[in-house]
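my_file-v7.tsv follows; it contains TSV, C-alpha atoms.
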chain	number	residue	atom	x	y	z
G	1	MET	CA	-10.77	30.92	2.98
G	2	ARG	CA	-12.83	29.72	0.00
G	3	THR	CA	-11.09	27.32	-2.40
G	4	PRO	CA	-12.16	25.89	-5.78
G	5	LEU	CA	-12.94	22.58	-4.08
G	6	SER	CA	-15.11	24.23	-1.43
G	7	TRP	CA	-16.91	26.14	-4.21
G	8	LEU	CA	-17.55	22.87	-6.07
G	9	ALA	CA	-18.65	21.12	-2.88
G	10	GLY	CA	-21.31	23.78	-2.39
G	11	ARG	CA	-22.84	23.00	-5.79
G	12	TYR	CA	-22.14	19.35	-6.54
G	13	SER	CA	-21.98	16.13	-4.58
G	14	LEU	CA	-20.88	12.60	-5.44
G	15	GLY	CA	-22.00	9.30	-4.01
G	16	ALA	CA	-19.92	7.40	-1.48
G	17	ARG	CA	-19.27	4.68	-4.06
G	18	SER	CA	-17.31	7.13	-6.21
G	19	VAL	CA	-14.70	7.78	-3.54
G	20	ARG	CA	-14.39	4.07	-2.85
G	21	LEU	CA	-13.65	3.37	-6.52
G	22	ALA	CA	-11.22	6.29	-6.70
G	23	ALA	CA	-9.35	4.99	-3.66
G	24	LEU	CA	-9.17	1.51	-5.19
G	25	GLY	CA	-7.76	3.12	-8.33
G	26	SER	CA	-5.01	4.77	-6.30
G	27	VAL	CA	-4.05	1.41	-4.78
G	28	THR	CA	-3.89	-0.13	-8.25
G	29	ALA	CA	-1.79	2.74	-9.58
G	30	SER	CA	0.56	2.54	-6.58
G	31	ILE	CA	1.14	-1.16	-7.21
G	32	ALA	CA	1.65	-0.45	-10.92
G	33	ILE	CA	4.35	2.14	-10.20
G	34	ILE	CA	6.23	-0.44	-8.09
G	35	VAL	CA	6.00	-3.09	-10.81
G	36	THR	CA	7.02	-0.75	-13.63
G	37	GLY	CA	9.94	0.43	-11.52
G	38	GLY	CA	10.99	-3.21	-11.36
G	39	ILE	CA	10.69	-3.49	-15.14
G	40	VAL	CA	13.00	-0.49	-15.49
G	41	ARG	CA	15.54	-2.18	-13.24
G	42	VAL	CA	15.55	-5.71	-14.67
G	43	THR	CA	15.70	-4.45	-18.26
G	44	GLY	CA	18.72	-2.29	-17.44
G	45	SER	CA	16.82	0.90	-18.32
G	46	GLY	CA	17.54	2.83	-15.13
G	47	LEU	CA	19.65	5.35	-17.01
G	48	GLY	CA	17.61	5.19	-20.20
G	49	CYS	CA	16.94	8.86	-19.51
G	50	THR	CA	20.28	10.32	-18.52
G	51	ASP	CA	18.92	13.35	-16.68
G	52	TRP	CA	15.96	14.51	-14.56
G	53	PRO	CA	13.41	16.09	-14.81
G	54	MET	CA	14.35	16.29	-18.50
G	55	CYS	CA	15.15	12.98	-20.18
G	56	THR	CA	18.34	14.50	-21.58
G	57	GLY	CA	19.99	17.84	-21.11
G	58	GLU	CA	18.08	19.17	-24.15
G	59	THR	CA	14.87	17.12	-24.50
G	60	LEU	CA	11.96	16.23	-22.21
G	61	ALA	CA	11.24	12.95	-24.02
G	62	PRO	CA	13.77	10.32	-25.14
G	63	THR	CA	15.20	10.48	-28.63
G	64	ALA	CA	15.16	7.67	-31.17
G	65	GLU	CA	18.86	7.07	-30.56
G	66	MET	CA	18.13	6.18	-26.91
G	67	GLY	CA	16.23	3.11	-28.05
G	68	MET	CA	14.06	0.85	-25.92
G	69	HIS	CA	15.79	1.72	-22.64
G	70	GLY	CA	14.87	5.38	-23.00
G	71	ALA	CA	11.27	4.48	-23.84
G	72	ILE	CA	10.94	2.18	-20.80
G	73	GLU	CA	12.38	4.72	-18.37
G	74	PHE	CA	10.29	7.56	-19.82
G	75	GLY	CA	7.17	5.37	-19.68
G	76	ASN	CA	7.72	4.89	-15.97
G	77	ARG	CA	7.96	8.67	-15.55
G	78	LEU	CA	4.71	9.15	-17.48
G	79	LEU	CA	2.97	6.72	-15.14
G	80	THR	CA	3.76	9.13	-12.30
G	81	GLY	CA	1.58	11.67	-14.11
G	82	VAL	CA	-1.24	9.13	-14.26
G	83	LEU	CA	-0.77	8.47	-10.55
G	84	CYS	CA	-1.05	12.21	-9.83
G	85	ALA	CA	-4.34	12.32	-11.75
G	86	VAL	CA	-5.72	9.33	-9.82
G	87	VAL	CA	-4.71	10.80	-6.45
G	88	GLY	CA	-6.24	14.13	-7.47
G	89	TRP	CA	-9.49	12.33	-8.24
G	90	VAL	CA	-9.41	10.73	-4.77
G	91	ILE	CA	-9.12	14.18	-3.19
G	92	ILE	CA	-11.91	15.61	-5.34
G	93	THR	CA	-14.34	12.74	-4.72
G	94	ALA	CA	-13.64	12.83	-0.98
G	95	ARG	CA	-14.26	16.58	-0.89
G	96	LEU	CA	-17.50	16.39	-2.90
G	97	GLN	CA	-19.35	14.22	-0.40
G	98	GLU	CA	-22.53	15.21	1.39
G	99	LYS	CA	-21.22	13.47	4.49
G	100	PRO	CA	-17.64	14.61	5.29
G	101	MET	CA	-14.92	11.98	4.92
G	102	PRO	CA	-11.95	13.59	6.72
G	103	ALA	CA	-9.91	10.36	6.96
G	104	VAL	CA	-10.19	9.79	3.21
G	105	LEU	CA	-9.31	13.41	2.50
G	106	ARG	CA	-6.24	13.22	4.75
G	107	GLY	CA	-5.18	10.01	3.05
G	108	GLY	CA	-5.57	11.57	-0.39
G	109	TRP	CA	-3.42	14.58	0.49
G	110	ALA	CA	-0.84	12.31	2.11
G	111	GLN	CA	-0.62	10.40	-1.18
G	112	PHE	CA	-0.15	13.63	-3.10
G	113	TRP	CA	2.85	14.72	-1.03
G	114	ILE	CA	4.36	11.22	-1.10
G	115	VAL	CA	4.09	11.23	-4.91
G	116	VAL	CA	6.06	14.48	-4.87
G	117	LEU	CA	8.62	12.90	-2.53
G	118	ASN	CA	8.89	9.83	-4.72
G	119	ALA	CA	9.45	11.93	-7.84
G	120	VAL	CA	12.28	13.81	-6.12
G	121	VAL	CA	13.88	10.57	-4.90
G	122	GLY	CA	13.58	9.22	-8.45
G	123	GLY	CA	15.44	12.26	-9.74
G	124	VAL	CA	18.16	11.81	-7.14
G	125	THR	CA	18.42	8.17	-8.21
G	126	VAL	CA	19.29	9.28	-11.75
G	127	TRP	CA	21.66	12.02	-10.56
G	128	MET	CA	23.47	9.51	-8.30
G	129	ARG	CA	23.81	7.09	-11.23
G	130	LEU	CA	21.69	4.35	-9.62
G	131	SER	CA	23.33	4.24	-6.21
G	132	PRO	CA	21.85	1.05	-4.68
G	133	TYR	CA	21.04	2.91	-1.46
G	134	ILE	CA	19.04	5.57	-3.30
G	135	VAL	CA	17.36	2.88	-5.40
G	136	ALA	CA	16.32	1.16	-2.16
G	137	ALA	CA	15.02	4.49	-0.81
G	138	HIS	CA	13.06	4.95	-4.05
G	139	PHE	CA	11.39	1.57	-3.58
G	140	LEU	CA	10.62	2.30	0.07
G	141	ALA	CA	9.12	5.66	-0.89
G	142	ALA	CA	6.88	3.82	-3.37
G	143	THR	CA	5.93	1.41	-0.57
G	144	LEU	CA	5.09	4.39	1.65
G	145	LEU	CA	2.81	5.64	-1.12
G	146	LEU	CA	1.14	2.23	-1.25
G	147	THR	CA	0.68	2.40	2.54
G	148	ALA	CA	-1.14	5.72	2.27
G	149	ALA	CA	-3.22	4.40	-0.64
G	150	VAL	CA	-4.32	1.28	1.27
G	151	TYR	CA	-5.16	3.40	4.32
G	152	THR	CA	-7.27	5.69	2.13
G	153	TRP	CA	-8.95	2.73	0.47
G	154	HIS	CA	-9.82	1.19	3.81
G	155	ALA	CA	-11.11	4.53	5.13
G	156	ALA	CA	-13.22	4.99	2.00
G	157	TYR	CA	-14.63	1.49	2.31
G	158	ALA	CA	-15.49	2.06	5.98
G	159	ALA	CA	-17.10	5.41	5.20
G	160	TYR	CA	-18.99	3.84	2.29
G	161	ALA	CA	-20.24	1.02	4.53
G	162	ASP	CA	-21.33	3.51	7.20
G	163	ALA	CA	-23.11	5.67	4.63
G	164	ASP	CA	-24.85	2.62	3.15
G	165	GLY	CA	-25.91	1.51	6.63
G	166	GLU	CA	-27.40	4.93	7.33
G	167	ARG	CA	-29.24	4.88	3.99
G	168	THR	CA	-30.81	1.46	4.58
G	169	GLY	CA	-31.23	1.84	8.33
G	170	ALA	CA	-29.71	-1.62	8.83
G	171	PRO	CA	-27.97	-2.15	12.20
G	172	ALA	CA	-24.49	-3.62	12.29
G	173	PRO	CA	-24.42	-7.36	13.07
G	174	LEU	CA	-23.13	-8.16	16.53
G	175	ALA	CA	-21.37	-11.10	18.14
G	176	PRO	CA	-23.48	-12.99	20.68
G	177	ALA	CA	-21.07	-12.27	23.52
G	178	PRO	CA	-18.23	-9.83	24.13
G	179	LEU	CA	-14.63	-11.00	24.11
G	180	ALA	CA	-12.46	-10.70	27.16
G	181	PRO	CA	-10.34	-7.53	27.11
G	182	GLY	CA	-7.18	-9.63	27.15
G	183	SER	CA	-8.26	-11.47	23.99
G	184	VAL	CA	-8.86	-8.27	22.07
G	185	ALA	CA	-5.52	-6.86	23.23
G	186	ARG	CA	-3.72	-10.06	22.19
G	187	ILE	CA	-5.31	-10.01	18.74
G	188	ARG	CA	-4.32	-6.39	18.21
G	189	ALA	CA	-0.79	-7.05	19.46
G	190	LEU	CA	-0.44	-9.95	17.02
G	191	SER	CA	-1.70	-7.74	14.19
G	192	THR	CA	0.79	-4.99	15.05
G	193	ALA	CA	3.64	-7.50	15.30
G	194	LEU	CA	2.66	-8.95	11.92
G	195	VAL	CA	2.89	-5.51	10.30
G	196	ALA	CA	6.26	-4.80	11.96
G	197	VAL	CA	7.84	-8.09	10.86
G	198	THR	CA	6.43	-7.74	7.34
G	199	ALA	CA	7.91	-4.23	7.15
G	200	LEU	CA	11.30	-5.63	8.22
G	201	LEU	CA	10.90	-8.34	5.58
G	202	VAL	CA	10.39	-5.67	2.91
G	203	VAL	CA	13.40	-3.63	4.08
G	204	VAL	CA	15.71	-6.66	4.09
G	205	GLY	CA	14.37	-7.49	0.63
G	206	THR	CA	15.77	-4.16	-0.60
G	207	LEU	CA	19.18	-5.18	0.80
G	208	ALA	CA	19.01	-8.46	-1.10
G	209	THR	CA	18.11	-6.54	-4.25
G	210	GLY	CA	20.91	-4.01	-3.71
G	211	SER	CA	23.41	-6.84	-3.34
G	212	GLY	CA	22.13	-8.85	-6.30
G	213	PRO	CA	22.92	-8.80	-10.01
G	214	HIS	CA	20.11	-6.54	-11.30
G	215	ALA	CA	21.74	-3.12	-10.91
G	216	GLY	CA	19.32	-1.29	-13.20
G	217	ASP	CA	21.75	-0.50	-16.00
G	218	SER	CA	24.26	-2.34	-18.14
G	219	SER	CA	27.08	0.00	-17.07
G	220	ASP	CA	29.31	-0.59	-14.07
G	221	VAL	CA	26.90	0.27	-11.23
G	222	ALA	CA	28.09	-0.22	-7.65
G	223	ARG	CA	26.30	-2.78	-5.48
G	224	MET	CA	25.77	-2.94	-1.73
G	225	PRO	CA	28.73	-4.57	0.06
G	226	PHE	CA	26.68	-7.41	1.57
G	227	ASP	CA	26.91	-11.13	0.99
G	228	TRP	CA	23.89	-11.81	-1.21
G	229	THR	CA	23.46	-15.38	0.04
G	230	GLY	CA	23.54	-14.30	3.69
G	231	VAL	CA	21.04	-11.48	3.16
G	232	THR	CA	18.77	-13.84	1.23
G	233	VAL	CA	18.83	-16.35	4.11
G	234	VAL	CA	17.86	-13.60	6.58
G	235	HIS	CA	15.09	-12.55	4.19
G	236	GLY	CA	13.83	-16.13	4.10
G	237	VAL	CA	13.88	-16.43	7.90
G	238	LEU	CA	11.85	-13.25	8.20
G	239	ALA	CA	9.38	-14.62	5.65
G	240	GLY	CA	9.01	-17.71	7.82
G	241	ALA	CA	8.44	-15.55	10.91
G	242	THR	CA	5.79	-13.58	9.02
G	243	LEU	CA	4.08	-16.82	8.05
G	244	VAL	CA	4.07	-18.04	11.67
G	245	LEU	CA	2.66	-14.73	12.96
G	246	ALA	CA	-0.06	-14.73	10.31
G	247	GLY	CA	-1.01	-18.29	11.25
G	248	ALA	CA	-1.09	-17.36	14.94
G	249	LEU	CA	-3.31	-14.36	14.21
G	250	LEU	CA	-5.71	-16.47	12.15
G	251	SER	CA	-5.95	-18.98	15.00
G	252	ALA	CA	-6.56	-16.21	17.54
G	253	LEU	CA	-9.30	-14.48	15.55
G	254	PRO	CA	-12.78	-15.65	16.58
G	255	ARG	CA	-15.44	-16.14	13.95
G	256	ASP	CA	-17.89	-13.82	15.69
G	257	GLY	CA	-17.05	-10.15	15.34
G	258	PHE	CA	-13.85	-10.75	13.33
G	259	GLY	CA	-15.20	-12.50	10.24
G	260	ALA	CA	-13.78	-9.93	7.80
G	261	ALA	CA	-10.39	-10.00	9.53
G	262	ARG	CA	-10.30	-13.80	9.33
G	263	ARG	CA	-11.05	-13.76	5.60
G	264	LYS	CA	-8.38	-11.17	4.89
G	265	THR	CA	-5.84	-13.00	7.05
G	266	ALA	CA	-6.50	-16.23	5.15
G	267	ILE	CA	-6.04	-14.41	1.83
G	268	PHE	CA	-2.86	-12.82	3.15
G	269	LEU	CA	-1.50	-16.25	4.07
G	270	ALA	CA	-2.21	-17.54	0.56
G	271	VAL	CA	-0.48	-14.55	-1.05
G	272	LEU	CA	2.48	-14.89	1.32
G	273	LEU	CA	2.89	-18.57	0.47
G	274	GLY	CA	2.78	-17.78	-3.26
G	275	GLN	CA	5.33	-15.01	-2.79
G	276	GLY	CA	7.60	-17.36	-0.86
G	277	LEU	CA	7.41	-19.93	-3.65
G	278	VAL	CA	8.34	-17.32	-6.28
G	279	GLY	CA	11.21	-16.10	-4.10
G	280	LEU	CA	12.56	-19.61	-3.61
G	281	VAL	CA	12.40	-20.45	-7.32
G	282	GLN	CA	14.07	-17.19	-8.39
G	283	SER	CA	16.89	-17.74	-5.87
G	284	LEU	CA	17.53	-21.25	-7.22
G	285	THR	CA	17.38	-20.19	-10.88
G	286	ALA	CA	19.84	-17.25	-10.92
G	287	LEU	CA	17.17	-14.52	-10.62
G	288	PRO	CA	15.50	-14.54	-14.05
G	289	SER	CA	13.95	-11.19	-14.93
G	290	LEU	CA	10.37	-12.44	-15.18
G	291	LEU	CA	10.45	-14.00	-11.71
G	292	VAL	CA	12.06	-10.88	-10.27
G	293	MET	CA	9.16	-8.79	-11.59
G	294	LEU	CA	6.64	-11.33	-10.22
G	295	HIS	CA	8.39	-11.14	-6.86
G	296	LEU	CA	8.08	-7.35	-6.88
G	297	LEU	CA	4.37	-7.65	-7.64
G	298	GLY	CA	4.11	-10.19	-4.83
G	299	ALA	CA	5.88	-7.82	-2.43
G	300	ALA	CA	3.34	-5.10	-3.22
G	301	LEU	CA	0.44	-7.54	-2.74
G	302	VAL	CA	1.89	-8.85	0.53
G	303	TRP	CA	2.24	-5.33	1.91
G	304	THR	CA	-1.27	-4.44	0.76
G	305	GLY	CA	-2.59	-7.60	2.38
G	306	VAL	CA	-0.94	-7.12	5.77
G	307	LEU	CA	-2.20	-3.53	5.97
G	308	GLN	CA	-5.71	-4.65	5.10
G	309	VAL	CA	-5.53	-7.25	7.86
G	310	HIS	CA	-4.26	-4.72	10.40
G	311	PHE	CA	-6.78	-1.99	9.56
G	312	THR	CA	-9.64	-4.52	9.60
G	313	VAL	CA	-8.58	-5.88	12.99
G	314	ARG	CA	-8.36	-2.35	14.39
G	315	ARG	CA	-11.83	-1.52	13.07
G	316	ALA	CA	-13.53	-4.70	14.29
G	317	ARG	CA	-16.11	-4.22	17.03
G	318	PRO	CA	-16.42	-7.55	18.80
G	319	GLY	CA	-19.24	-8.46	21.10
G	320	ARG	CA	-21.40	-5.36	21.10
G	321	SER	CA	-22.27	-2.38	18.95
G	322	GLY	CA	-20.61	0.97	19.37
G	323	PRO	CA	-16.95	2.00	19.48
G	324	LEU	CA	-14.30	0.24	21.52
G	325	GLY	CA	-12.66	1.81	24.52
G	326	ASP	CA	-8.92	2.39	24.75
G	327	SER	CA	-8.39	-1.01	26.37
G	328	GLY	CA	-10.28	-2.81	23.61
G	329	THR	CA	-13.44	-3.37	25.66
G	330	PRO	CA	-16.74	-2.30	24.12
G	331	LEU	CA	-18.17	0.92	25.47
G	332	PRO	CA	-21.58	0.56	27.20
G	333	ARG	CA	-24.66	0.56	25.00
G	334	PRO	CA	-27.74	2.67	25.74
G	335	ARG	CA	-30.35	0.97	27.88
G	336	GLY	CA	-32.90	-0.88	25.81
G	337	ALA	CA	-30.71	-1.31	22.75
G	338	SER	CA	-31.40	-4.54	20.93
G	339	THR	CA	-28.82	-7.18	20.03
G	340	TYR	CA	-28.55	-8.69	16.55
G	341	VAL	CA	-26.85	-11.98	15.94

Mind converting the file's structure to structure tokens?
Amino acid sequence: MRTPLSWLAGRYSLGARSVRLAALGSVTASIAIIVTGGIVRVTGSGLGCTDWPMCTGETLAPTAEMGMHGAIEFGNRLLTGVLCAVVGWVIITARLQEKPMPAVLRGGWAQFWIVVLNAVVGGVTVWMRLSPYIVAAHFLAATLLLTAAVYTWHAAYAAYADADGERTGAPAPLAPAPLAPGSVARIRALSTALVAVTALLVVVGTLATGSGPHAGDSSDVARMPFDWTGVTVVHGVLAGATLVLAGALLSALPRDGFGAARRKTAIFLAVLLGQGLVGLVQSLTALPSLLVMLHLLGAALVWTGVLQVHFTVRRARPGRSGPLGDSGTPLPRPRGASTYV
């Protein structure tokens, strides 16, 4: 069945760089929607618009009487429209490629449906008068969107690199010797464990938020029935475990064949340490709004970083050219193939 996109693809094509930039834009917009959601919460503007999808029962936009809270909440809703446009551009640029990019296209459509999901959860959040459990689900849905965006970005970058390599005819650099299968498996296991513990860190962070003082509105909003101090301690322990796993992964990654993964792991460690410092200071200073927003930004950057590490580790081809087998060992190269160091 012919679609408008297939009709366009038959007449126009875009360079691989365009889809890479579009995917980066979707990551930026996904982080922005998380941060602006935090601004809505810490300014007490969660019910600035008292209804959804309309701002009030009669108007789409806030009225002057609703003041700054209405403007902040409505601004966050408008950003969802911007996000839809960015995701749409990812889908279009991926479709209008001479060389198919199915992974990027799948990632773009996944983002589209998650944006729809997130909008619905946002509406339920308003209808449920900022139930802390729905607010947590709203944040996790935004994090799921960021996950899809980072996956798409990584896929676009990989496709862009492959397309550039084909254009220049340059072979991929290779490590001088293959790694033992057990070493590759250990590295991948550490990477998977790092993602799992970081995900648990994010989830427990939503429990700390749901138990804390920033309910999202100045009215009497219920909080989660957890001891905030206890949840915060668990959150800190998980942050420490994440730090240890990241350090172990960096130590396990060899320089040959995993150079990109080492660089991204080192950056992830730096971001994680900065996020831990912000979290510690905000806990000791009664959760000032500015630090809470910085901590939300840090959470988005930490999650982006750990996914980048994991996807880069999974893509690495240590030792020899060509794809890796299921066990992590390089598949045999054709006879006579040259080796580049």

*asked:* Residues within 10 Å of Pro225 (chain G), please, as a PyMOL selection string. Count only C-alpha atoms; anything in the same chain fewer than 6 positions from it doesn't count.
replied: chain G and resi 207+210-211

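Proximity ranking of G:Ala110, G:Leu201, G:Val278, G:Cys49 relative to Arg129 (chain G) places G:Cys49 first, based on all atoms listed in the file.
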
*Taking into account only C-alpha atoms, which residue in the set G:Ala155, G:Ala316, G:Ala241, G:Leu14 is nearest to Val197 (chain G)?*
G:Ala241

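The space separating CA of Gly88 (chain G) from CA of Gln111 (chain G) comes to 9.2 Å.
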
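For Ala137 (chain G), the non-local neighbours within 10 Å, defined as residues at least 3 positions apart in the same chain or in other chains and counting only C-alpha atoms, are Asn118, Val121, Gly122, Thr125, Ser131, Pro132, Tyr133, Ile134, Leu140, Ala141, Ala142, Thr143, Val203 and Thr206 of chain G.
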
*For each of G:Val135, G:Leu269, G:Ala148, G:Ala158, take the minimum atom-to-atom distance to Leu250 (chain G), counting only C-alpha atoms, then give the residue where this is smallest.*
G:Leu269

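One distance worth recording is that between CA of Gly15 (chain G) and CA of Ala260 (chain G), which is 24.0 Å.
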